[in-house]
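Undergrad: Just passing along the structure, written as structure tokens.
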Amino acid sequence: MRDQRLSPVGSDSPSISHVIFDLDGTLVDSCAVCIDILSEIITERGSVQSIDPIGARTYMSRGGLDMVSGLLGDACGDPAEDLAEFRARYQVRQTPVETLFPGVSDGLARLRDAGLTLSICSNKPQILCEKVLEDTGLAHHFTVVIGGQHGMRPKPAPDLLHAVLSHVDHPPEACLFVGDSELDHAVAVAANIPFHFMTYGYAEPGWAPEQGVAFHCFQTMVNAILACTSTSTHA
């Protein structure tokens, strides 16, 4: 994997001033909540099948229809109707703060304290993005939250990222994208935005980005951003 610096000393490119985050698999481990909701549906439909919590993780970045139909299995009826039911249940389900990946809350606060602005770019429906951020106490960290919505294609199409960039006062070269999947990497590279890959998320096993830097720990990733930003400030 090629190392991609945020803001090399002596470079004419601006330092990073805005960080764009994916949500599920990057900040929040939503897999258990999704499994709980879908398991309820399976039980109510009289099935005795169970969802493998390990195998379920790779479904989290495939889009709602694929996730619901794949994890419901034989209990799936009409995929579109089942997805609507799943999302309706999700909307009234409290997202536990414990679903945050370690270091996320403190790490976001450190980035904001350093003067960086933050946003969300997620395929999760807009209303669910906002709910999860409120439930987990993260909402106040973000100046812009863009989730899936009518008229915008999901990542890796550029629509959602373009919407984020249109709402923030930062050019793409002053932004950084932090995500956990192939979709996040693809959309960041297409926009020429540096990419940080969180290995604990929902990417296919063994996948690694061709461009970007991989991190196993959120706080280590934050340290790298702050160290580079500090270096740039004093260069």
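Labeling convention for the structure tokens: chains A, B, ... as they appear, residues from 1 per chain, ligands from 1 in order of appearance.
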Can you list, as number ranges by chain, every residue of segment 55-215 of chain A that DSSP puts in helix (DSSP H, G or I)?

TA: A: 55-61, 64-75, 79-91, 97-99, 104-113, 126-135, 139-141, 159-167, 172-174, 182-190

Undergrad: Give me the residues near Leu116 of chain A as a list in words, where near means some atom within 12 Å (using only C-alpha atoms) and where sequence neighbours in that chain fewer than 5 positions away do not count.

TA: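 Answer for this query is Ser15, Ile16, Ser17, His18, Val19, Ile20, Gly107, Leu108, Ala109, Arg110, Leu111, His141, Phe142, Thr143, Val168, Asp169, His170, Ala174, Cys175, Leu176, Val222, Ile225, Leu226, Thr229 and Ser230 of chain A.
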
Undergrad: Neighbouring residues of Lys124 of chain A were defined as those with any atom within 6 Å, considering only C-alpha atoms; residues of the same chain fewer than 2 positions away were excluded. Please report them as number ranges by chain.

TA: A: 122, 147-148

Undergrad: Applying 8 Å and only C-alpha atoms, which residues near segment 30-42 of chain A remain after dropping the ones on its own chain fewer than 5 positions away? List them as number ranges by chain.

TA: A: 24-25, 47-51, 53, 56-57, 60, 68, 71-72, 75, 86, 89-90, 95, 99

Undergrad: Based on the selection just made, write N, CA and C atoms of those residues as a short mmCIF file (atom, residue, chain, number, x, y, z; two decimals), in the first residue's frame.

TA:
data_model
loop_
_atom_site.label_atom_id
_atom_site.label_comp_id
_atom_site.auth_asym_id
_atom_site.auth_seq_id
_atom_site.Cartn_x
_atom_site.Cartn_y
_atom_site.Cartn_z
N ASP A 24 -21.06 3.89 9.15
CA ASP A 24 -21.08 2.48 9.55
C ASP A 24 -19.76 1.80 9.21
N GLY A 25 -19.16 1.15 10.19
CA GLY A 25 -17.90 0.47 9.97
C GLY A 25 -16.69 1.35 10.17
N SER A 47 -39.31 -18.71 11.27
CA SER A 47 -38.11 -19.42 10.84
C SER A 47 -37.20 -19.67 12.03
N VAL A 48 -36.42 -20.74 11.96
CA VAL A 48 -35.48 -21.06 13.03
C VAL A 48 -34.03 -20.77 12.61
N GLN A 49 -33.84 -20.18 11.43
CA GLN A 49 -32.49 -19.90 10.96
C GLN A 49 -31.86 -18.80 11.81
N SER A 50 -30.54 -18.78 11.85
CA SER A 50 -29.83 -17.74 12.59
C SER A 50 -28.84 -17.05 11.66
N ILE A 51 -28.45 -15.84 12.04
CA ILE A 51 -27.53 -15.05 11.23
C ILE A 51 -26.13 -15.17 11.81
N PRO A 53 -22.85 -13.86 12.82
CA PRO A 53 -22.39 -12.49 13.06
C PRO A 53 -21.09 -12.14 12.34
N ALA A 56 -22.02 -11.84 8.51
CA ALA A 56 -22.91 -10.70 8.29
C ALA A 56 -22.14 -9.41 8.05
N ARG A 57 -20.91 -9.32 8.54
CA ARG A 57 -20.19 -8.05 8.49
C ARG A 57 -19.94 -7.57 7.06
N MET A 60 -22.63 -5.43 5.35
CA MET A 60 -22.95 -4.09 5.85
C MET A 60 -22.65 -2.99 4.86
N VAL A 68 -30.45 -6.96 3.48
CA VAL A 68 -31.70 -7.51 4.01
C VAL A 68 -32.03 -8.84 3.36
N LEU A 71 -29.29 -11.56 4.44
CA LEU A 71 -29.30 -12.00 5.84
C LEU A 71 -30.64 -12.60 6.26
N LEU A 72 -31.73 -12.17 5.64
CA LEU A 72 -33.02 -12.82 5.93
C LEU A 72 -33.08 -14.22 5.32
N ALA A 75 -36.30 -16.42 4.87
CA ALA A 75 -37.38 -15.64 5.50
C ALA A 75 -37.68 -14.37 4.73
N PHE A 86 -37.40 -3.13 7.76
CA PHE A 86 -36.15 -3.06 8.52
C PHE A 86 -35.84 -1.62 8.91
N ARG A 89 -38.12 -0.23 11.65
CA ARG A 89 -37.73 -0.73 12.98
C ARG A 89 -36.45 -0.05 13.46
N TYR A 90 -35.53 0.17 12.53
CA TYR A 90 -34.26 0.82 12.88
C TYR A 90 -34.53 2.23 13.41
N THR A 95 -29.70 3.29 19.30
CA THR A 95 -28.36 2.81 18.99
C THR A 95 -27.48 3.00 20.22
N THR A 99 -21.78 0.95 20.75
CA THR A 99 -21.49 0.51 19.40
C THR A 99 -20.44 1.39 18.71
#

Undergrad: I'd like the neighbourhood of segment 205-219 of chain A as a VMD selection string, where a residue qualifies if any of its atoms comes within 9 Å (using only C-alpha atoms), though same-chain residues fewer than 2 positions away should be ignored.

TA: chain A and resid 1 to 5 26 to 27 58 101 to 104 106 to 107 181 to 182 185 to 186 189 194 to 200 202 to 203 221 to 224

Undergrad: If you run DSSP on the backbone, which residues of segment 2-231 of chain A are strand (DSSP E or B), as a PyMOL selection string?

TA: chain A and resi 2+18-21+24+28+100+117-125+144-148+175-179+195-198+211+213-215

Undergrad: Please provide as a list in words all residues within 9 Å of Arg87 of chain A, with the sequence filter that same-chain residues fewer than 5 positions apart are discarded (counting only C-alpha atoms).

TA: Asp82, Val92, Pro125 and Leu128 of chain A

Undergrad: Just how far from atom CA of Asp180 of chain A is atom CA of Asp22 of chain A, in Å to one decimal?

TA: 7.5 Å
